[in-house]
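Undergrad: Take a look at coords-v6.tsv, TSV, C-alpha atoms:
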chain	number	residue	atom	x	y	z
Z	1491	MET	CA	118.58	-124.87	107.95
Z	1492	HIS	CA	119.80	-121.91	105.88
Z	1493	GLU	CA	117.35	-119.92	108.02
Z	1494	SER	CA	120.22	-119.44	110.51
Z	1495	LYS	CA	121.97	-117.32	107.86
Z	1496	VAL	CA	118.71	-115.55	106.99
Z	1497	ALA	CA	118.26	-114.73	110.70
Z	1498	GLU	CA	121.64	-112.95	110.64
Z	1499	TYR	CA	120.60	-110.98	107.55
Z	1500	VAL	CA	117.39	-109.85	109.28
Z	1501	TYR	CA	119.29	-108.80	112.41
Z	1502	GLU	CA	121.64	-106.68	110.25
Z	1503	ILE	CA	118.72	-105.11	108.36
Z	1504	VAL	CA	116.98	-104.15	111.62
Z	1505	GLU	CA	120.21	-102.64	113.00
Z	1506	GLU	CA	120.74	-100.64	109.79
Z	1507	THR	CA	117.11	-99.48	109.69
Z	1508	VAL	CA	117.25	-98.28	113.30
Z	1509	LYS	CA	120.48	-96.41	112.57
Z	1510	GLU	CA	118.89	-94.60	109.61
Z	1511	ASP	CA	115.53	-93.78	111.20
Z	1512	PRO	CA	115.42	-91.42	114.20
Z	1513	ASP	CA	111.81	-92.50	114.89
Z	1514	LEU	CA	113.11	-95.95	115.78
Z	1515	GLN	CA	115.95	-94.88	118.02
Z	1516	ASN	CA	115.70	-95.29	121.80
Z	1517	ARG	CA	112.35	-97.04	121.43
Z	1518	LYS	CA	111.59	-100.63	122.29
Z	1519	ILE	CA	110.91	-102.69	119.18
Z	1520	THR	CA	107.85	-104.83	119.92
Z	1521	GLN	CA	107.19	-106.61	116.65
Z	1522	LEU	CA	108.73	-107.46	113.30
Z	1523	ILE	CA	106.31	-108.20	110.48
Z	1524	PHE	CA	107.53	-110.31	107.55
Z	1525	LYS	CA	105.87	-110.88	104.19
Z	1526	LEU	CA	106.62	-113.86	102.00
Z	1527	SER	CA	105.59	-115.43	98.73
Z	1528	LYS	CA	105.16	-119.04	97.66
Z	1529	PRO	CA	107.01	-121.27	97.06
Z	1530	TYR	CA	108.79	-120.49	100.32
Z	1531	THR	CA	112.55	-120.24	100.32
Z	1532	VAL	CA	112.48	-119.33	104.01
Z	1533	TYR	CA	110.32	-121.35	106.37
Z	1534	PRO	CA	108.81	-119.28	109.20
Z	1535	ASP	CA	109.02	-121.97	111.92
Z	1536	SER	CA	112.65	-122.67	111.19
Z	1537	PHE	CA	113.43	-118.95	110.89
Z	1538	CYS	CA	111.82	-118.22	114.30
Z	1539	PHE	CA	113.86	-120.96	115.94
Z	1540	TYR	CA	117.17	-119.48	114.77
Z	1541	PHE	CA	116.15	-115.83	115.12
Z	1542	GLU	CA	114.93	-116.20	118.69
Z	1543	GLU	CA	118.21	-117.87	119.59
Z	1544	LEU	CA	120.19	-115.11	117.85
Z	1545	ILE	CA	118.43	-112.19	119.58
Z	1546	LYS	CA	118.83	-113.50	123.14
Z	1547	GLY	CA	120.61	-110.81	125.16
Z	1548	THR	CA	120.33	-108.23	122.35
Z	1549	PHE	CA	118.12	-105.15	121.90
Z	1550	LEU	CA	115.64	-107.34	120.02
Z	1551	GLU	CA	115.09	-109.94	122.76
Z	1552	GLY	CA	111.38	-110.58	123.30
Z	1553	THR	CA	110.33	-109.11	119.95
Z	1554	ASN	CA	107.20	-110.70	118.50
Z	1555	LEU	CA	107.48	-112.15	114.97
Z	1556	GLU	CA	104.54	-112.04	112.55
Z	1557	PHE	CA	104.32	-113.52	109.05
Z	1558	GLU	CA	101.94	-112.55	106.27
Z	1559	GLU	CA	101.70	-113.81	102.72
Z	1560	PHE	CA	101.87	-111.48	99.74
Z	1561	GLU	CA	98.57	-111.22	97.87
Z	1562	GLU	CA	98.62	-112.71	94.38
Z	1563	ASP	CA	98.39	-109.28	92.75
Z	1564	GLU	CA	101.47	-108.01	94.61
Z	1565	SER	CA	104.60	-108.13	92.50
Z	1566	GLU	CA	107.12	-108.79	95.27
Z	1567	LYS	CA	108.58	-112.28	95.43
Z	1568	GLY	CA	110.64	-113.71	98.25
Z	1569	PHE	CA	111.08	-113.04	101.94
Z	1570	PHE	CA	110.72	-109.42	103.07
Z	1571	LEU	CA	110.97	-107.55	106.35
Z	1572	ALA	CA	107.73	-105.60	105.84
Z	1573	SER	CA	107.56	-103.37	108.93
Z	1574	ILE	CA	108.85	-102.73	112.41
Z	1575	GLU	CA	106.57	-101.87	115.32
Z	1576	VAL	CA	107.86	-99.83	118.23
Z	1577	GLU	CA	106.33	-98.72	121.52
Z	1578	ASP	CA	104.58	-95.39	121.25
Z	1579	PRO	CA	106.40	-92.45	122.89
Z	1580	GLU	CA	105.16	-91.73	126.42
A	230	MET	CA	103.69	-97.19	116.03
A	231	LYS	CA	104.36	-99.17	112.86
A	232	ILE	CA	107.15	-98.22	110.48
A	233	LYS	CA	107.13	-99.58	106.95
A	234	VAL	CA	110.43	-101.11	105.83
A	235	LEU	CA	109.66	-103.56	102.97
A	236	LYS	CA	113.20	-104.82	102.44
A	237	ASN	CA	113.95	-108.05	100.61
A	238	VAL	CA	115.97	-109.96	103.21
A	239	MET	CA	117.73	-112.12	100.63
A	240	LEU	CA	119.14	-108.98	98.96
A	241	LYS	CA	121.79	-109.17	101.69
A	242	ASN	CA	123.07	-112.17	99.75
A	243	ASN	CA	121.76	-111.47	96.28
A	244	ALA	CA	123.31	-108.00	95.95
A	245	LEU	CA	126.69	-109.66	96.45
A	246	GLY	CA	125.64	-112.37	93.98
A	247	ALA	CA	125.00	-109.61	91.43
A	248	ASP	CA	128.50	-108.20	92.13
A	249	ASN	CA	129.96	-111.66	91.49
A	250	ARG	CA	128.00	-111.97	88.24
A	251	TRP	CA	129.38	-108.61	87.10
A	252	GLU	CA	132.96	-109.70	87.91
A	253	PHE	CA	132.48	-112.92	85.92
A	254	LYS	CA	130.97	-111.02	82.98
A	255	LYS	CA	133.74	-108.40	82.96
A	256	ASN	CA	136.32	-111.19	82.70
A	257	SER	CA	134.23	-113.33	80.27
A	258	VAL	CA	134.22	-116.29	82.64
A	259	PHE	CA	131.36	-118.78	82.36
A	260	VAL	CA	130.24	-120.15	85.74
A	261	LEU	CA	128.10	-123.17	86.63
A	262	ASN	CA	126.60	-123.70	90.08
A	263	MET	CA	126.40	-127.49	90.49
A	264	THR	CA	123.75	-128.56	93.02
A	265	SER	CA	122.15	-131.84	94.12
A	266	SER	CA	121.29	-134.04	97.08
A	267	PRO	CA	124.29	-135.71	98.74
A	268	GLY	CA	125.48	-138.65	96.65
A	269	ALA	CA	123.63	-137.77	93.44
A	270	GLY	CA	126.84	-137.62	91.40
A	271	LYS	CA	128.04	-133.99	91.20
A	272	THR	CA	131.68	-134.85	91.87
A	273	THR	CA	131.77	-137.65	89.29
A	274	LEU	CA	130.14	-135.44	86.64
A	275	ILE	CA	132.62	-132.65	87.43
A	276	LYS	CA	135.57	-135.03	87.25
A	277	ASN	CA	134.59	-136.25	83.78
A	278	SER	CA	133.82	-132.69	82.69
A	279	LEU	CA	137.35	-131.68	83.72
A	280	ALA	CA	138.76	-134.52	81.62
A	281	GLU	CA	136.70	-133.25	78.67
A	282	PHE	CA	137.26	-129.52	79.01
A	283	THR	CA	140.61	-128.73	80.69
A	284	ASP	CA	142.49	-128.90	77.38
A	285	LYS	CA	139.94	-126.60	75.70
A	286	TYR	CA	139.26	-124.00	78.37
A	287	LYS	CA	141.15	-122.44	81.26
A	288	MET	CA	139.22	-123.84	84.19
A	289	ALA	CA	138.98	-123.58	87.98
A	290	ILE	CA	136.92	-125.33	90.64
A	291	ILE	CA	135.28	-123.75	93.68
A	292	GLU	CA	134.62	-126.70	95.95
A	293	GLY	CA	131.99	-126.47	98.70
A	294	ASP	CA	132.04	-129.09	101.42
A	295	LEU	CA	130.85	-129.17	105.01
A	296	TYR	CA	134.09	-130.30	106.65
A	297	THR	CA	136.41	-132.21	104.32
A	298	SER	CA	138.49	-131.75	101.17
A	299	ARG	CA	137.63	-135.25	99.90
A	300	ASP	CA	135.95	-134.02	96.72
A	301	ALA	CA	138.71	-131.52	95.92
A	302	GLU	CA	141.30	-134.30	96.31
A	303	GLN	CA	139.62	-136.09	93.38
A	304	PHE	CA	140.48	-133.16	91.11
A	305	THR	CA	144.19	-132.86	91.91
A	306	ASP	CA	145.19	-134.86	88.79
A	307	PHE	CA	144.11	-131.83	86.79
A	308	ASP	CA	146.46	-128.89	86.68
A	309	ILE	CA	143.85	-126.26	87.60
A	310	PRO	CA	143.23	-123.91	90.55
A	311	ILE	CA	140.97	-125.47	93.21
A	312	TYR	CA	139.48	-123.16	95.82
A	313	GLN	CA	138.18	-125.10	98.84
A	314	ILE	CA	135.33	-123.72	100.95
A	315	ASN	CA	134.46	-125.54	104.17
A	316	THR	CA	131.13	-124.35	105.50
A	317	GLU	CA	131.70	-125.97	108.95
A	318	GLY	CA	128.22	-127.44	109.01
A	319	GLY	CA	126.59	-124.75	106.88
A	320	CYS	CA	124.14	-126.28	104.42
A	321	HIS	CA	124.81	-124.09	101.37
A	322	LEU	CA	127.30	-121.78	99.71
A	323	ASP	CA	126.48	-118.07	99.74
A	324	ALA	CA	127.56	-115.14	97.58
A	325	LYS	CA	130.05	-113.88	100.16
A	326	MET	CA	131.98	-117.17	100.05
A	327	ILE	CA	132.13	-116.99	96.25
A	328	HIS	CA	133.25	-113.37	96.52
A	329	ALA	CA	136.21	-114.48	98.64
A	330	ALA	CA	137.02	-117.16	96.06
A	331	ILE	CA	136.99	-114.52	93.29
A	332	ASP	CA	139.55	-112.49	95.22
A	333	ASP	CA	141.82	-115.54	95.30
A	334	LEU	CA	141.38	-116.70	91.67
A	335	ASP	CA	142.79	-114.83	88.69
A	336	LEU	CA	139.54	-114.39	86.72
A	337	ASN	CA	141.37	-112.72	83.88
A	338	ASP	CA	143.17	-115.99	83.24
A	339	LEU	CA	140.02	-118.19	83.30
A	340	ASP	CA	137.24	-119.18	80.87
A	341	PHE	CA	135.14	-121.55	82.91
A	342	ILE	CA	134.52	-122.10	86.64
A	343	LEU	CA	132.59	-125.00	88.14
A	344	ILE	CA	131.20	-124.37	91.62
A	345	GLU	CA	130.35	-127.56	93.50
A	346	ASN	CA	127.71	-126.58	96.03
A	347	VAL	CA	127.04	-128.43	99.30
A	348	GLY	CA	124.89	-131.54	98.72
A	349	ASN	CA	121.41	-130.37	99.72
A	350	LEU	CA	118.08	-130.28	97.88
A	351	VAL	CA	116.62	-127.30	99.77
A	352	CYS	CA	118.91	-124.52	100.97
A	353	PRO	CA	121.14	-123.70	97.96
A	354	ALA	CA	118.02	-122.53	96.08
A	355	ALA	CA	117.74	-119.45	98.30
A	356	PHE	CA	121.25	-118.13	97.63
A	357	ASP	CA	122.19	-116.52	94.31
A	358	LEU	CA	125.94	-117.00	93.87
A	359	GLY	CA	126.26	-115.00	90.65
A	360	ALA	CA	126.75	-118.08	88.47
A	361	ASP	CA	125.47	-118.04	84.86
A	362	ARG	CA	123.53	-121.27	85.17
A	363	MET	CA	122.35	-123.55	87.96
A	364	VAL	CA	122.72	-127.27	87.28
A	365	LEU	CA	120.71	-129.76	89.33
A	366	VAL	CA	122.11	-133.30	89.27
A	367	TYR	CA	119.27	-135.65	90.12
A	368	SER	CA	119.98	-139.31	90.82
A	369	ILE	CA	117.26	-141.57	89.43
A	370	THR	CA	117.38	-143.46	92.75
A	371	GLU	CA	115.82	-140.40	94.43
A	372	GLY	CA	112.42	-141.42	93.07
A	373	GLU	CA	109.59	-140.00	90.98
A	374	ASP	CA	108.13	-137.66	93.56
A	375	LYS	CA	110.92	-135.23	94.43
A	376	PRO	CA	110.51	-132.52	91.77
A	377	LYS	CA	107.26	-131.40	93.40
A	378	LYS	CA	108.43	-132.06	96.97
A	379	TYR	CA	111.58	-129.97	96.51
A	380	ALA	CA	110.00	-127.58	94.03
A	381	THR	CA	112.17	-124.54	94.76
A	382	MET	CA	115.38	-126.24	93.69
A	383	PHE	CA	113.78	-127.57	90.51
A	384	GLU	CA	112.20	-124.19	89.81
A	385	LYS	CA	115.55	-122.39	90.04
A	386	ALA	CA	117.50	-124.92	87.95
A	387	ASP	CA	118.35	-124.10	84.32
A	388	ILE	CA	119.14	-127.73	83.57
A	389	VAL	CA	118.33	-130.96	85.40
A	390	VAL	CA	120.70	-133.84	84.72
A	391	ILE	CA	119.04	-137.17	85.53
A	392	ASN	CA	121.98	-139.30	86.60
A	393	LYS	CA	122.66	-143.02	87.14
A	394	MET	CA	120.48	-143.93	84.18
A	395	ASP	CA	122.46	-147.18	83.82
A	396	ILE	CA	120.76	-148.58	86.92
A	397	ALA	CA	117.28	-147.26	86.06
A	398	PRO	CA	116.22	-150.59	84.45
A	399	HIS	CA	116.77	-152.30	87.82
A	400	LEU	CA	114.51	-149.86	89.68
A	401	ASN	CA	110.76	-149.73	89.79
A	402	ILE	CA	110.70	-146.21	88.42
A	403	ASP	CA	109.19	-144.40	85.44
A	404	VAL	CA	111.85	-141.99	84.13
A	405	ASP	CA	109.34	-140.28	81.79
A	406	LYS	CA	107.21	-139.49	84.83
A	407	VAL	CA	110.22	-137.93	86.59
A	408	GLU	CA	110.85	-135.80	83.53
A	409	SER	CA	107.23	-134.70	83.20
A	410	GLU	CA	107.15	-133.75	86.92
A	411	ILE	CA	110.27	-131.63	86.38
A	412	LYS	CA	108.61	-129.92	83.38
A	413	GLU	CA	105.47	-129.25	85.40
A	414	VAL	CA	107.51	-127.44	88.07
A	415	ASN	CA	109.78	-125.68	85.57
A	416	PRO	CA	108.54	-125.77	81.94
A	417	GLY	CA	111.60	-123.96	80.54
A	418	CYS	CA	114.10	-126.30	82.15
A	419	LYS	CA	116.36	-128.48	79.99
A	420	VAL	CA	116.49	-132.15	81.04
A	421	LEU	CA	119.25	-134.62	80.14
A	422	ARG	CA	119.60	-138.31	80.99
A	423	LEU	CA	123.06	-139.76	81.55
A	424	SER	CA	125.35	-141.80	83.76
A	425	ALA	CA	128.07	-139.51	85.10
A	426	ASP	CA	130.65	-142.31	85.38
A	427	LYS	CA	130.10	-143.44	81.76
A	428	PRO	CA	131.78	-140.81	79.56
A	429	GLU	CA	130.07	-142.23	76.45
A	430	THR	CA	126.68	-141.05	77.87
A	431	LEU	CA	127.89	-137.48	78.45
A	432	LYS	CA	127.94	-136.17	74.87
A	433	GLU	CA	124.75	-134.10	75.22
A	434	TRP	CA	125.98	-132.67	78.52
A	435	TYR	CA	129.31	-131.64	77.02
A	436	GLU	CA	127.49	-130.14	74.03
A	437	TRP	CA	125.21	-128.09	76.30
A	438	VAL	CA	128.18	-126.81	78.35
A	439	ARG	CA	130.18	-125.95	75.21
A	440	LYS	CA	127.28	-123.97	73.70
A	441	GLU	CA	126.73	-122.08	76.94
A	442	ILE	CA	130.42	-121.15	77.22
A	443	GLU	CA	130.53	-120.01	73.60
A	444	SER	CA	127.35	-117.94	73.86
A	445	LYS	CA	128.81	-116.19	76.92
A	446	SER	CA	132.13	-115.44	75.24
A	447	LYS	CA	130.24	-113.77	72.34
A	448	GLU	CA	128.35	-111.40	74.66
Represent the supplied structure as structure tokens.
TA:
Amino acid sequence: MHESKVAEYVYEIVEETVKEDPDLQNRKITQLIFKLSKPYTVYPDSFCFYFEELIKGTFLEGTNLEFEEFEEDESEKGFFLASIEVEDPE
Amino acid sequence: MKIKVLKNVMLKNNALGADNRWEFKKNSVFVLNMTSSPGAGKTTLIKNSLAEFTDKYKMAIIEGDLYTSRDAEQFTDFDIPIYQINTEGGCHLDAKMIHAAIDDLDLNDLDFILIENVGNLVCPAAFDLGADRMVLVYSITEGEDKPKKYATMFEKADIVVINKMDIAPHLNIDVDKVESEIKEVNPGCKVLRLSADKPETLKEWYEWVRKEIESKSKE
């Protein structure tokens, strides 16, 4: 249930990242890719439920959400926004 | 086109948690984050801890509750600051809420703060509040199997207090098995057995708290 708060954090991070990166500006974001480690503190199904509700009517509406697990030899632990995919320039 | 970000989402909370920790350290205040399922006995343990410690340390309570101030009302006999947080349905406290509490409390005039988190055996694990130690109060009536089912909470806890031991003989439950499951999930975790409403069973708990406060004040 805390995923509703986590959804807000992700929205803020995407907004901040777009602001800082000219490559992301004025381009449609098509996909957000998350990486997470076990044991999960954020559950993808629950996160998607809240996030999809949150982004209705915003610049992120319709964005696809993908989840990958960190490999065992990767040092990161937790729930990360790994990358943002945008439409290629025409 | 794919743009790499690799940002830890929980840093949104945990960076603020680190700020809180720094504020507590600067003012030499020891802080416990008290967590558990609803009804496991946090409030009773806190109430008896206040009776034990308010004449020794300058204390305050940060009280998390979904909607009510029922728990905080149980502490009004003690002449200490009580900061009430109502999460309005939210299932956990986060670092921002504690940050607001810090602004309201005079940390310079405190030695020891107890934070009573929202009763929940999942969500509070994800949110660093900046407390020195996380306490998990576990009622023996919750069964033998929960440490592995709710592993994240047990993994994050510094101490698990197995509560309501006075009724354990009436239950079909193996307390040693509960304790070994906890140790499997979190080998470094301290485990105590007590009955929060029986002050005579709380000596080890008080001793642990006292040592923790003293080791912090020496830092």
Undergrad: Got a sec: who's within 12 Å of A:Glu281, counting all atoms listed in the file, leaving out chain neighbours fewer than 6 positions off, as a ChimeraX atom specification?
TA: /A:274-275,287-288,307,428-429,431-432,434-436,438-439
Undergrad: Which polymer residues, protein or nucleic acid, are no farther than 6 Å from (144.5, -119.9, 89.2), counting all atoms listed in the file, as a ChimeraX atom specification?
TA: /A:310,334-335
Undergrad: Counting all atoms listed in the file, select every polymer residue within 8 Å of (102.7, -109.0, 105.8) as defined in the file's coordinates, and provide the selection as a compact mmCIF listing (two decimals) with C-alpha atoms, in the frame of the given file.
TA:
# COMPACT_ATOMS: atom_id res chain seq x y z
CA ILE Z 1523 106.31 -108.20 110.48
CA PHE Z 1524 107.53 -110.31 107.55
CA LYS Z 1525 105.87 -110.88 104.19
CA LEU Z 1526 106.62 -113.86 102.00
CA GLU Z 1556 104.54 -112.04 112.55
CA PHE Z 1557 104.32 -113.52 109.05
CA GLU Z 1558 101.94 -112.55 106.27
CA GLU Z 1559 101.70 -113.81 102.72
CA PHE Z 1560 101.87 -111.48 99.74
CA ALA Z 1572 107.73 -105.60 105.84
Undergrad: One decimal, in Å: what's the spacing between atom CA of A:Thr430 and atom CA of A:Lys285?
TA: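 These atoms are spaced 19.7 Å apart.
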Undergrad: What's the 9 Å shell around Z:Asp1513, counting all atoms listed in the file, without same-chain residues fewer than 4 positions away, as a list in words?
TA: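 The residues that qualify are Val1508, Arg1517 and Val1576 of chain Z; Ile232 of chain A.
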Undergrad: Contacts from chain Z to chain A, 8 Å maximum, only C-alpha atoms: show me the residue list as an MDAnalysis selection string.
TA: chainID Z and resid 1491:1492 1496 1499:1500 1503 1507 1529:1532 1568:1578
Undergrad: Report, in Å to a single decimal, how far apart atom CA of A:Ile291 and atom CA of A:Lys447 are.
TA: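 Taking atom CA of A:Lys447 as the start and atom CA of A:Ile291 as the end point, the length is 24.1 Å.
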Undergrad: Interatomic distance between atom CA of A:Ala269 and atom CA of A:Val366?
TA: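 Interatomic distance, atom CA of A:Ala269 to atom CA of A:Val366: 6.3 Å.
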Undergrad: Env of A:Leu245: 9 Å cut, atoms = only C-alpha atoms, seq-sep filter 5 positions within chain, self excluded. Answer as a PDB file with C-alpha atoms, in the frame of the given file.
TA:
ATOM      1  CA  LEU A 240     119.140-108.980  98.960  1.00  0.00           C
ATOM      2  CA  ARG A 250     128.000-111.970  88.240  1.00  0.00           C
ATOM      3  CA  ALA A 324     127.560-115.140  97.580  1.00  0.00           C
ATOM      4  CA  LYS A 325     130.050-113.880 100.160  1.00  0.00           C
ATOM      5  CA  HIS A 328     133.250-113.370  96.520  1.00  0.00           C
ATOM      6  CA  ASP A 357     122.190-116.520  94.310  1.00  0.00           C
ATOM      7  CA  LEU A 358     125.940-117.000  93.870  1.00  0.00           C
ATOM      8  CA  GLY A 359     126.260-115.000  90.650  1.00  0.00           C
TER       9      GLY A 359
END
Undergrad: Measuring between all atoms listed in the file, which one of Z:Leu1550, Z:Glu1543, Z:Glu1566, Z:Tyr1533 shows the shortest distance to Z:Val1504?
TA: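 Of the candidates, the smallest distance to Z:Val1504 is held by Z:Leu1550.
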Undergrad: Nearest residue to Z:Asp1535 out of Z:Leu1555, Z:Glu1502, Z:Lys1567, Z:Glu1561, using all atoms listed in the file?
TA: Z:Leu1555
Undergrad: Can you pull out the residues contacting A:Leu261? Cut-off 8 Å, using all atoms listed in the file, and skip same-chain residues under 6 positions away; I want them as a PyMOL selection string.
TA: chain A and resi 342-344+360-364
Undergrad: Regenerate stretch 278-289 of chain A at the level of N, CA and C atoms and dump it as a PDB file, in the frame of the given file.
TA:
ATOM      1  N   SER A 278     133.868-133.953  83.442  1.00  0.00           N
ATOM      2  CA  SER A 278     133.820-132.690  82.690  1.00  0.00           C
ATOM      3  C   SER A 278     135.200-132.049  82.649  1.00  0.00           C
ATOM      4  N   LEU A 279     135.977-132.202  83.714  1.00  0.00           N
ATOM      5  CA  LEU A 279     137.350-131.680  83.720  1.00  0.00           C
ATOM      6  C   LEU A 279     138.181-132.409  82.667  1.00  0.00           C
ATOM      7  N   ALA A 280     138.011-133.744  82.607  1.00  0.00           N
ATOM      8  CA  ALA A 280     138.760-134.520  81.620  1.00  0.00           C
ATOM      9  C   ALA A 280     138.409-134.057  80.199  1.00  0.00           C
ATOM     10  N   GLU A 281     137.146-133.682  80.000  1.00  0.00           N
ATOM     11  CA  GLU A 281     136.700-133.250  78.670  1.00  0.00           C
ATOM     12  C   GLU A 281     137.170-131.832  78.330  1.00  0.00           C
ATOM     13  N   PHE A 282     137.143-130.946  79.327  1.00  0.00           N
ATOM     14  CA  PHE A 282     137.260-129.520  79.010  1.00  0.00           C
ATOM     15  C   PHE A 282     138.590-128.847  79.372  1.00  0.00           C
ATOM     16  N   THR A 283     139.418-129.476  80.231  1.00  0.00           N
ATOM     17  CA  THR A 283     140.610-128.730  80.690  1.00  0.00           C
ATOM     18  C   THR A 283     141.603-128.440  79.560  1.00  0.00           C
ATOM     19  N   ASP A 284     141.566-129.246  78.475  1.00  0.00           N
ATOM     20  CA  ASP A 284     142.490-128.900  77.380  1.00  0.00           C
ATOM     21  C   ASP A 284     141.879-127.889  76.408  1.00  0.00           C
ATOM     22  N   LYS A 285     140.600-127.565  76.600  1.00  0.00           N
ATOM     23  CA  LYS A 285     139.940-126.600  75.700  1.00  0.00           C
ATOM     24  C   LYS A 285     139.752-125.236  76.350  1.00  0.00           C
ATOM     25  N   TYR A 286     139.530-125.253  77.659  1.00  0.00           N
ATOM     26  CA  TYR A 286     139.260-124.000  78.370  1.00  0.00           C
ATOM     27  C   TYR A 286     140.154-123.902  79.602  1.00  0.00           C
ATOM     28  N   LYS A 287     140.424-122.644  80.008  1.00  0.00           N
ATOM     29  CA  LYS A 287     141.150-122.440  81.260  1.00  0.00           C
ATOM     30  C   LYS A 287     140.140-122.504  82.404  1.00  0.00           C
ATOM     31  N   MET A 288     140.261-123.551  83.209  1.00  0.00           N
ATOM     32  CA  MET A 288     139.220-123.840  84.190  1.00  0.00           C
ATOM     33  C   MET A 288     139.684-123.676  85.639  1.00  0.00           C
ATOM     34  N   ALA A 289     138.720-123.527  86.543  1.00  0.00           N
ATOM     35  CA  ALA A 289     138.980-123.580  87.980  1.00  0.00           C
ATOM     36  C   ALA A 289     137.763-124.203  88.658  1.00  0.00           C
TER      37      ALA A 289
END
